[in-house]
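Data file: start13.cif. Format and content: mmCIF, C-alpha atoms and all ligand atoms.
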data_coords
#
loop_
_atom_site.label_atom_id
_atom_site.label_comp_id
_atom_site.auth_asym_id
_atom_site.auth_seq_id
_atom_site.Cartn_x
_atom_site.Cartn_y
_atom_site.Cartn_z
CA MET V 1378 -45.45 117.56 -63.74
CA LYS V 1379 -44.87 114.02 -62.41
CA ARG V 1380 -41.33 112.67 -62.50
CA ILE V 1381 -40.90 109.09 -63.66
CA LEU V 1382 -37.80 106.90 -63.83
CA LEU V 1383 -37.84 104.64 -66.90
CA ILE V 1384 -35.72 101.55 -66.23
CA ALA V 1385 -34.88 99.63 -69.40
CA THR V 1386 -33.79 96.00 -69.07
CA GLY V 1387 -34.13 94.70 -72.65
CA GLY V 1388 -36.77 92.39 -74.13
CA THR V 1389 -38.60 92.52 -77.45
CA ILE V 1390 -39.72 96.10 -76.85
CA ALA V 1391 -36.06 97.19 -77.15
CA SER V 1392 -35.04 94.64 -79.76
CA GLN V 1393 -33.73 94.98 -83.29
CA LYS V 1394 -33.61 92.44 -86.10
CA THR V 1395 -30.21 90.80 -86.48
CA SER V 1396 -29.05 87.92 -88.68
CA VAL V 1397 -29.44 85.58 -85.68
CA GLY V 1398 -32.86 86.77 -84.59
CA LEU V 1399 -34.21 89.58 -82.44
CA MET V 1400 -31.81 90.99 -79.86
CA PRO V 1401 -32.29 93.80 -77.33
CA GLU V 1402 -30.24 96.75 -78.50
CA LEU V 1403 -32.18 99.98 -78.00
CA SER V 1404 -31.41 102.48 -75.26
CA PRO V 1405 -34.17 103.87 -73.01
CA GLU V 1406 -33.72 107.27 -74.71
CA THR V 1407 -34.54 105.65 -78.06
CA LEU V 1408 -37.61 103.98 -76.54
CA LEU V 1409 -38.78 107.36 -75.29
CA ARG V 1410 -38.31 108.97 -78.70
CA HIS V 1411 -41.03 106.60 -79.97
CA VAL V 1412 -43.58 108.02 -77.50
CA PRO V 1413 -43.23 111.80 -77.90
CA ASP V 1414 -46.72 112.33 -76.37
CA ALA V 1415 -45.35 111.31 -72.98
CA ALA V 1416 -43.63 114.69 -72.71
CA SER V 1417 -47.06 116.34 -72.40
CA PHE V 1418 -47.84 114.65 -69.06
CA CYS V 1419 -44.57 113.58 -67.43
CA GLN V 1420 -40.89 114.24 -67.14
CA VAL V 1421 -38.90 111.05 -67.63
CA ASP V 1422 -35.34 110.19 -66.64
CA THR V 1423 -33.79 106.92 -67.68
CA ALA V 1424 -31.62 104.08 -66.38
CA GLN V 1425 -30.46 100.91 -68.08
CA PRO V 1426 -29.04 98.44 -65.55
CA LEU V 1427 -29.30 95.55 -68.06
CA ASN V 1428 -30.09 94.88 -71.67
CA LEU V 1429 -31.13 91.23 -71.89
CA ASP V 1430 -33.60 88.95 -73.53
CA SER V 1431 -35.63 88.10 -70.42
CA THR V 1432 -34.88 84.43 -70.97
CA ASN V 1433 -31.54 85.32 -69.39
CA ILE V 1434 -32.96 87.17 -66.40
CA LEU V 1435 -31.75 85.79 -63.04
CA PRO V 1436 -32.76 86.43 -59.44
CA GLU V 1437 -29.69 88.66 -59.07
CA HIS V 1438 -31.24 90.92 -61.72
CA TRP V 1439 -34.43 91.24 -59.62
CA LEU V 1440 -32.24 92.40 -56.74
CA LEU V 1441 -30.50 94.85 -59.07
CA MET V 1442 -33.81 96.33 -60.27
CA ALA V 1443 -34.99 96.69 -56.66
CA GLU V 1444 -31.69 98.36 -55.81
CA VAL V 1445 -32.10 100.92 -58.62
CA ILE V 1446 -35.60 101.74 -57.35
CA GLU V 1447 -34.45 101.94 -53.73
CA LYS V 1448 -31.61 104.29 -54.66
CA HIS V 1449 -33.94 106.65 -56.52
CA TYR V 1450 -37.15 106.12 -54.53
CA GLY V 1451 -37.22 109.62 -53.07
CA GLN V 1452 -36.57 111.41 -56.36
CA TYR V 1453 -39.45 110.07 -58.48
CA ASP V 1454 -43.24 109.79 -58.34
CA GLY V 1455 -43.26 106.44 -60.11
CA PHE V 1456 -41.16 103.84 -61.92
CA VAL V 1457 -41.65 102.08 -65.26
CA ILE V 1458 -39.59 98.99 -66.04
CA CYS V 1459 -39.36 97.83 -69.66
CA HIS V 1460 -38.75 94.09 -69.65
CA GLY V 1461 -38.98 91.07 -71.92
CA THR V 1462 -42.33 89.34 -71.67
CA ASP V 1463 -41.02 85.80 -71.22
CA THR V 1464 -40.09 86.11 -67.55
CA LEU V 1465 -41.85 89.38 -66.82
CA ALA V 1466 -44.39 87.70 -64.52
CA TYR V 1467 -41.56 86.29 -62.37
CA THR V 1468 -39.89 89.69 -62.11
CA ALA V 1469 -43.18 91.39 -61.22
CA ALA V 1470 -43.84 88.82 -58.50
CA ALA V 1471 -40.26 89.02 -57.19
CA LEU V 1472 -40.39 92.84 -57.01
CA SER V 1473 -43.72 92.60 -55.14
CA TYR V 1474 -41.87 90.76 -52.35
CA LEU V 1475 -38.62 92.72 -52.55
CA ILE V 1476 -40.40 96.11 -52.38
CA ARG V 1477 -43.39 95.92 -50.06
CA HIS V 1478 -45.76 98.70 -49.08
CA THR V 1479 -44.75 100.98 -51.93
CA ARG V 1480 -47.02 103.99 -52.06
CA LYS V 1481 -45.54 104.77 -55.46
CA PRO V 1482 -46.42 102.89 -58.64
CA ILE V 1483 -43.84 100.42 -59.92
CA VAL V 1484 -45.06 99.40 -63.37
CA LEU V 1485 -43.62 96.63 -65.53
CA THR V 1486 -44.28 96.49 -69.23
CA GLY V 1487 -42.96 95.08 -72.49
CA ALA V 1488 -44.26 94.22 -75.93
CA GLN V 1489 -44.79 91.40 -78.38
CA LYS V 1490 -43.16 93.40 -81.19
CA PRO V 1491 -40.14 95.76 -81.19
CA ILE V 1492 -40.95 99.44 -80.73
CA ASP V 1493 -39.84 100.47 -84.23
CA TYR V 1494 -42.19 98.02 -86.02
CA GLU V 1495 -45.17 99.65 -87.67
CA ASP V 1496 -47.72 97.24 -86.16
CA THR V 1497 -46.16 97.16 -82.70
CA ASP V 1498 -47.95 97.11 -79.36
CA ALA V 1499 -44.84 98.63 -77.73
CA ARG V 1500 -45.71 102.30 -78.13
CA GLN V 1501 -49.17 101.87 -76.62
CA ASN V 1502 -47.88 99.74 -73.74
CA LEU V 1503 -45.13 102.22 -72.92
CA LEU V 1504 -47.46 105.22 -73.07
CA ASP V 1505 -50.10 103.41 -70.97
CA SER V 1506 -47.45 102.48 -68.41
CA LEU V 1507 -46.15 106.03 -68.11
CA ARG V 1508 -49.71 107.26 -67.80
CA TYR V 1509 -50.51 104.70 -65.10
CA ALA V 1510 -47.31 105.56 -63.23
CA CYS V 1511 -48.37 109.22 -63.25
CA HIS V 1512 -51.86 108.34 -62.06
CA GLY V 1513 -50.21 107.50 -58.74
CA ASP V 1514 -51.84 104.21 -57.70
CA SER V 1515 -49.57 102.32 -55.34
CA GLY V 1516 -47.92 98.92 -55.70
CA VAL V 1517 -46.08 96.72 -58.18
CA CYS V 1518 -48.12 95.90 -61.28
CA ILE V 1519 -47.97 94.97 -64.96
CA VAL V 1520 -49.51 97.23 -67.59
CA PHE V 1521 -49.94 95.37 -70.87
CA GLY V 1522 -52.54 95.40 -73.63
CA GLY V 1523 -54.61 97.95 -71.70
CA HIS V 1524 -54.83 95.70 -68.61
CA VAL V 1525 -53.40 96.57 -65.22
CA ILE V 1526 -52.56 93.35 -63.36
CA ALA V 1527 -51.24 93.00 -59.80
CA GLY V 1528 -47.55 92.06 -59.86
CA THR V 1529 -48.29 88.79 -58.06
CA ARG V 1530 -51.16 87.71 -60.28
CA ALA V 1531 -49.82 87.83 -63.81
CA ARG V 1532 -48.97 84.98 -66.13
CA LYS V 1533 -47.90 85.04 -69.75
CA THR V 1534 -50.71 83.03 -71.29
CA ARG V 1535 -50.17 83.85 -74.99
CA THR V 1536 -46.87 83.73 -76.84
CA LYS V 1537 -47.87 85.97 -79.77
CA SER V 1538 -51.08 87.94 -79.23
CA TYR V 1539 -51.05 91.48 -77.92
CA ASN V 1540 -53.05 90.46 -74.85
CA ALA V 1541 -50.20 88.25 -73.69
CA PHE V 1542 -50.88 88.44 -69.94
CA SER V 1543 -53.77 87.23 -67.82
CA SER V 1544 -54.56 87.89 -64.21
CA ILE V 1545 -54.81 84.47 -62.57
CA ASN V 1546 -57.48 83.77 -59.93
CA PHE V 1547 -57.98 87.49 -59.46
CA PRO V 1548 -59.53 90.39 -61.41
CA ASP V 1549 -57.53 93.08 -63.18
CA LEU V 1550 -56.76 96.04 -60.92
CA ALA V 1551 -57.66 98.54 -63.62
CA GLU V 1552 -57.79 99.18 -67.35
CA ILE V 1553 -56.45 101.99 -69.47
CA ARG V 1554 -59.23 103.12 -71.80
CA ASP V 1555 -58.71 106.00 -74.21
CA GLN V 1556 -55.86 107.38 -72.13
CA ARG V 1557 -57.87 107.16 -68.91
CA VAL V 1558 -57.27 104.86 -65.97
CA VAL V 1559 -60.44 103.01 -64.96
CA ARG V 1560 -59.77 101.54 -61.53
CA PHE V 1561 -61.66 98.42 -60.37
CA LEU V 1562 -59.98 97.68 -57.04
CA PRO V 1563 -58.59 99.83 -54.23
CA CYS V 1564 -54.83 100.17 -53.83
CA ALA V 1565 -53.38 97.54 -51.49
CA GLU V 1566 -50.09 99.10 -50.55
CA GLN V 1567 -49.58 102.09 -48.29
CA GLY V 1568 -46.95 103.59 -46.03
CA GLU V 1569 -43.21 103.49 -46.18
CA PRO V 1570 -41.60 101.03 -48.58
CA GLU V 1571 -39.77 98.04 -47.14
CA PHE V 1572 -36.92 96.74 -49.25
CA THR V 1573 -35.48 93.22 -48.88
CA HIS V 1574 -31.96 92.60 -50.12
CA THR V 1575 -31.65 88.83 -49.95
CA LEU V 1576 -33.25 85.87 -51.67
CA ASN V 1577 -32.52 82.20 -51.21
CA THR V 1578 -32.52 81.04 -54.81
CA ASN V 1579 -31.98 77.41 -53.87
CA VAL V 1580 -35.53 76.59 -54.87
CA VAL V 1581 -36.58 73.88 -57.34
CA LEU V 1582 -39.90 73.45 -59.09
CA LEU V 1583 -40.67 69.84 -59.98
CA LYS V 1584 -43.55 69.10 -62.32
CA LEU V 1585 -45.00 65.63 -61.77
CA ILE V 1586 -45.85 63.43 -64.73
CA PRO V 1587 -47.36 59.99 -64.37
CA GLY V 1588 -44.48 57.54 -63.90
CA LEU V 1589 -41.77 60.09 -63.02
CA PRO V 1590 -38.95 57.98 -61.51
CA VAL V 1591 -38.62 58.16 -57.73
CA GLU V 1592 -34.92 58.90 -58.27
CA ALA V 1593 -35.80 62.08 -60.14
CA PHE V 1594 -38.09 63.15 -57.30
CA SER V 1595 -35.42 62.46 -54.74
CA ALA V 1596 -32.63 64.15 -56.75
CA ALA V 1597 -34.68 67.32 -57.18
CA GLY V 1598 -35.43 67.43 -53.46
CA LYS V 1599 -31.84 66.90 -52.41
CA LEU V 1600 -30.61 69.70 -54.67
CA CYS V 1601 -32.51 72.48 -52.94
CA ASP V 1602 -33.65 74.09 -49.69
CA GLY V 1603 -37.18 74.64 -50.98
CA LEU V 1604 -38.98 72.14 -53.23
CA ILE V 1605 -42.18 73.13 -54.99
CA ILE V 1606 -44.00 70.09 -56.32
CA GLU V 1607 -46.35 70.88 -59.18
CA SER V 1608 -48.88 68.15 -58.58
CA TYR V 1609 -52.28 67.43 -60.11
CA GLY V 1610 -55.71 68.95 -59.45
CA VAL V 1611 -56.31 70.33 -55.97
CA GLY V 1612 -53.19 68.45 -54.85
CA GLY V 1613 -51.92 65.07 -53.78
CA ILE V 1614 -48.81 62.95 -54.03
CA PRO V 1615 -48.47 59.57 -55.75
CA ASP V 1616 -47.72 56.68 -53.35
CA PRO V 1617 -44.18 55.83 -54.62
CA TYR V 1618 -42.82 59.24 -53.51
CA LEU V 1619 -44.10 59.14 -49.92
CA LYS V 1620 -40.97 57.62 -48.40
CA GLU V 1621 -38.76 60.10 -50.22
CA LEU V 1622 -40.95 62.94 -49.05
CA ASP V 1623 -40.43 61.69 -45.51
CA ASN V 1624 -36.66 61.85 -46.00
CA LEU V 1625 -36.79 65.37 -47.44
CA VAL V 1626 -38.88 66.67 -44.56
CA GLN V 1627 -36.48 64.98 -42.07
CA MET V 1628 -33.61 66.73 -43.85
CA GLY V 1629 -35.28 70.07 -43.11
CA LYS V 1630 -36.35 70.89 -46.66
CA THR V 1631 -39.30 73.20 -47.11
CA VAL V 1632 -41.82 71.48 -49.36
CA VAL V 1633 -44.69 73.27 -51.10
CA MET V 1634 -47.45 71.29 -52.82
CA ALA V 1635 -48.69 73.28 -55.80
CA THR V 1636 -50.86 72.34 -58.76
CA GLN V 1637 -50.34 72.20 -62.52
CA VAL V 1638 -53.88 73.43 -63.06
CA PRO V 1639 -53.64 77.12 -63.88
CA GLN V 1640 -56.97 78.27 -62.47
CA GLU V 1641 -58.56 78.10 -59.00
CA GLY V 1642 -55.63 76.79 -56.96
CA SER V 1643 -54.91 73.96 -54.54
CA ASP V 1644 -56.73 72.44 -51.59
CA LEU V 1645 -54.87 69.47 -50.14
CA SER V 1646 -57.58 68.70 -47.64
CA VAL V 1647 -60.01 67.33 -50.25
CA TYR V 1648 -58.61 63.90 -51.24
CA GLN V 1649 -56.85 61.24 -49.22
CA VAL V 1650 -53.77 61.57 -51.50
CA GLY V 1651 -53.43 65.18 -50.32
CA HIS V 1652 -54.98 65.06 -46.87
CA ARG V 1653 -52.34 62.62 -45.59
CA LEU V 1654 -49.62 65.15 -46.50
CA LYS V 1655 -51.23 67.96 -44.59
CA GLU V 1656 -51.77 65.85 -41.49
CA ARG V 1657 -48.38 64.25 -41.42
CA TYR V 1658 -45.89 66.70 -42.89
CA GLN V 1659 -47.47 70.11 -42.41
CA LEU V 1660 -46.54 70.91 -46.01
CA LEU V 1661 -47.18 74.38 -47.35
CA GLU V 1662 -49.63 74.89 -50.19
CA PRO V 1663 -50.09 77.96 -52.36
CA TYR V 1664 -53.92 77.86 -52.52
CA ASP V 1665 -54.76 80.50 -55.15
CA MET V 1666 -51.25 81.94 -55.57
CA THR V 1667 -49.73 81.77 -59.03
CA LEU V 1668 -46.73 79.56 -59.62
CA GLU V 1669 -44.60 82.64 -60.37
CA SER V 1670 -45.56 84.09 -56.99
CA THR V 1671 -45.07 80.78 -55.21
CA VAL V 1672 -41.53 80.44 -56.58
CA THR V 1673 -40.43 84.01 -55.84
CA LYS V 1674 -42.21 84.17 -52.48
CA LEU V 1675 -40.47 81.00 -51.36
CA MET V 1676 -37.09 82.49 -52.38
CA TRP V 1677 -37.96 85.62 -50.42
CA VAL V 1678 -39.19 83.71 -47.36
CA LEU V 1679 -36.20 81.33 -47.25
CA GLY V 1680 -33.88 84.31 -47.69
CA GLN V 1681 -35.17 85.66 -44.39
CA SER V 1682 -35.52 82.65 -42.14
CA GLN V 1683 -34.83 78.97 -41.64
CA ASP V 1684 -37.25 78.63 -38.77
CA ARG V 1685 -40.28 76.52 -39.73
CA ASP V 1686 -42.84 78.69 -37.94
CA THR V 1687 -41.47 81.92 -39.40
CA ILE V 1688 -41.35 80.38 -42.88
CA ARG V 1689 -44.98 79.36 -42.50
CA ARG V 1690 -46.07 82.75 -41.21
CA LEU V 1691 -44.29 84.68 -43.97
CA PHE V 1692 -45.46 82.31 -46.71
CA TYR V 1693 -49.08 82.77 -45.67
CA THR V 1694 -48.84 86.55 -45.24
CA PRO V 1695 -50.83 88.10 -48.10
CA ILE V 1696 -48.71 90.53 -50.11
CA ASN V 1697 -49.83 92.69 -53.03
CA TYR V 1698 -53.02 90.60 -53.45
CA ASP V 1699 -51.08 87.34 -53.92
CA LEU V 1700 -53.19 85.17 -51.62
CA LEU V 1701 -56.88 85.25 -50.80
CA PHE V 1702 -57.53 81.98 -48.97
N1 LIG H 1801 -37.77 86.71 -75.68
C1 LIG H 1801 -38.31 88.02 -75.38
C2 LIG H 1801 -37.95 88.37 -73.95
O1 LIG H 1801 -38.55 87.89 -73.05
C3 LIG H 1801 -39.78 88.03 -75.58
C4 LIG H 1801 -40.48 89.35 -75.34
O2 LIG H 1801 -39.95 90.31 -74.78
O3 LIG H 1801 -41.67 89.44 -75.75
O4 LIG H 1801 -37.05 89.13 -73.74
#

Output the file's structure in the form of structure tokens.
Ligand code: ASP
Amino acid sequence: MKRILLIATGGTIASQKTSVGLMPELSPETLLRHVPDAASFCQVDTAQPLNLDSTNILPEHWLLMAEVIEKHYGQYDGFVICHGTDTLAYTAAALSYLIRHTRKPIVLTGAQKPIDYEDTDARQNLLDSLRYACHGDSGVCIVFGGHVIAGTRARKTRTKSYNAFSSINFPDLAEIRDQRVVRFLPCAEQGEPEFTHTLNTNVVLLKLIPGLPVEAFSAAGKLCDGLIIESYGVGGIPDPYLKELDNLVQMGKTVVMATQVPQEGSDLSVYQVGHRLKERYQLLEPYDMTLESTVTKLMWVLGQSQDRDTIRRLFYTPINYDLLF
């Protein structure tokens, strides 16, 4: 029988009603008691490094989750992480960079309703995740609402419905139908896992709005080592910020030009307002990467190097299906 480590970190799935709203309180053993069928196909051990609403998840918690997996990697066939849905897509993307080439499944899941509610999606999501982890397909992924989504491609697109997550600019990897895994794409990851232990979290994401003061642009840039600008359409920068962009690049900041449009990604080469950036500043652009992946990949890249060429090479290295361009 397959051995799975269930890592509980909190979220709605483990929450209870309190007088001040839902709070994560349940232990992983209690979560497991709600899915007795799991015992028929796997043997599960548990760990609970945190118990947080995922609103409070920080990059140091991603490192902690990766550390728990690294410590136990040899002992288990797969890992299931129960997590709040709000920042689950960030954690899944971060773990995709922190644990590369994992032959073993690392599955993240959660729920829109606590596991002890009658009409909850939690029991199904947890059972599906354990089943998928036993199926043995490699890589970091999210299992939610019957969908299996690459860890770098997920976004929470619905705040209440049971199909809360979408795969952005990329198809689902698989589905779980009637307790069976129906696989659509081959597994990307093979070989020995490579764990990274450092992130540079000095990254800021700045969303442009028409008329945003230049001072705000400049302040955001000065605060960080890596600035991701969420621009419009396929990408471009409004004229008033050009001088400030010059300064930031001179200061050695890494600047990424992303887009606010959720689907289909960036292409700075199309319009003059973007083309001039590519020519002059050699800015990075995420193309079809999700914003969650862009943020966490930049933290991972800057945690490893300050050299411009290495940053560029690592940023454009496809990992766990994050980038197709
Ligand atoms: N606020 C919760 C969390 O992210 C929402 C959820 O889990 O669905 O922890």

Within 7 Å of ligand LIG 1801 (chain H), which residues of chain V show up? Give each one with its shortest atom-to-atom distance in Å (one decimal) and the two atoms involved, counting only C-alpha atoms and all ligand atoms, rows by chain then rising residue number, as JSON lines.
{"residue": "V:Gly1387", "atom": "CA", "partner": "H:LIG1801", "partner_atom": "O4", "distance": 6.4}
{"residue": "V:Gly1388", "atom": "CA", "partner": "H:LIG1801", "partner_atom": "O4", "distance": 3.3}
{"residue": "V:Thr1389", "atom": "CA", "partner": "H:LIG1801", "partner_atom": "O2", "distance": 3.7}
{"residue": "V:Ile1390", "atom": "CA", "partner": "H:LIG1801", "partner_atom": "O2", "distance": 6.2}
{"residue": "V:Leu1429", "atom": "CA", "partner": "H:LIG1801", "partner_atom": "O4", "distance": 6.5}
{"residue": "V:Asp1430", "atom": "CA", "partner": "H:LIG1801", "partner_atom": "O4", "distance": 3.5}
{"residue": "V:Ser1431", "atom": "CA", "partner": "H:LIG1801", "partner_atom": "O4", "distance": 3.8}
{"residue": "V:Thr1432", "atom": "CA", "partner": "H:LIG1801", "partner_atom": "O1", "distance": 5.5}
{"residue": "V:His1460", "atom": "CA", "partner": "H:LIG1801", "partner_atom": "O2", "distance": 6.5}
{"residue": "V:Gly1461", "atom": "CA", "partner": "H:LIG1801", "partner_atom": "O2", "distance": 3.1}
{"residue": "V:Thr1462", "atom": "CA", "partner": "H:LIG1801", "partner_atom": "O2", "distance": 4.0}
{"residue": "V:Asp1463", "atom": "CA", "partner": "H:LIG1801", "partner_atom": "O1", "distance": 3.7}
{"residue": "V:Thr1464", "atom": "CA", "partner": "H:LIG1801", "partner_atom": "O1", "distance": 6.0}
{"residue": "V:Gly1487", "atom": "CA", "partner": "H:LIG1801", "partner_atom": "O2", "distance": 6.1}
{"residue": "V:Ala1488", "atom": "CA", "partner": "H:LIG1801", "partner_atom": "O3", "distance": 5.4}
{"residue": "V:Gln1489", "atom": "CA", "partner": "H:LIG1801", "partner_atom": "O3", "distance": 4.5}
{"residue": "V:Lys1490", "atom": "CA", "partner": "H:LIG1801", "partner_atom": "O3", "distance": 6.9}

As a VMD selection string, please: the residues near Asp1454 in chain V (cut-off 9 Å, only C-alpha atoms, same-chain neighbours under 3 positions excluded).
chain V and resid 1379 to 1382 1450 to 1451 1481 to 1482 1510 to 1511 1513

Close residues, range 1613-1619 of chain V itself excluded, 10 Å, all atoms listed in the file, min 5 positions apart in chain, as a count of residues only
30

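Counting all atoms listed in the file, the residue from V:Ser1396, V:Ser1506, V:Thr1386, V:Thr1468 that sits nearest to Leu1427 in chain V is V:Thr1386.
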
Requested in this report: With a distance cut-off of 9 Å and all atoms listed in the file, select the neighbouring residues of Ile1476 in chain V, excluding the residue or stretch itself and same-chain residues fewer than 5 positions from it, and output the selection as a count of residues only.
Outcome: 10

Between CA of Ala1424 in chain V and CA of Ala1470 in chain V lies a distance of 21.1 Å

(request) May I ask which of the residues V:Phe1456, V:Arg1560, V:Lys1630, V:Leu1701 is the closest one to Gln1659 in chain V, counting all atoms listed in the file? (result)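 Of V:Phe1456, V:Arg1560, V:Lys1630, V:Leu1701, the one nearest Gln1659 in chain V, counting all atoms listed in the file, is V:Lys1630.
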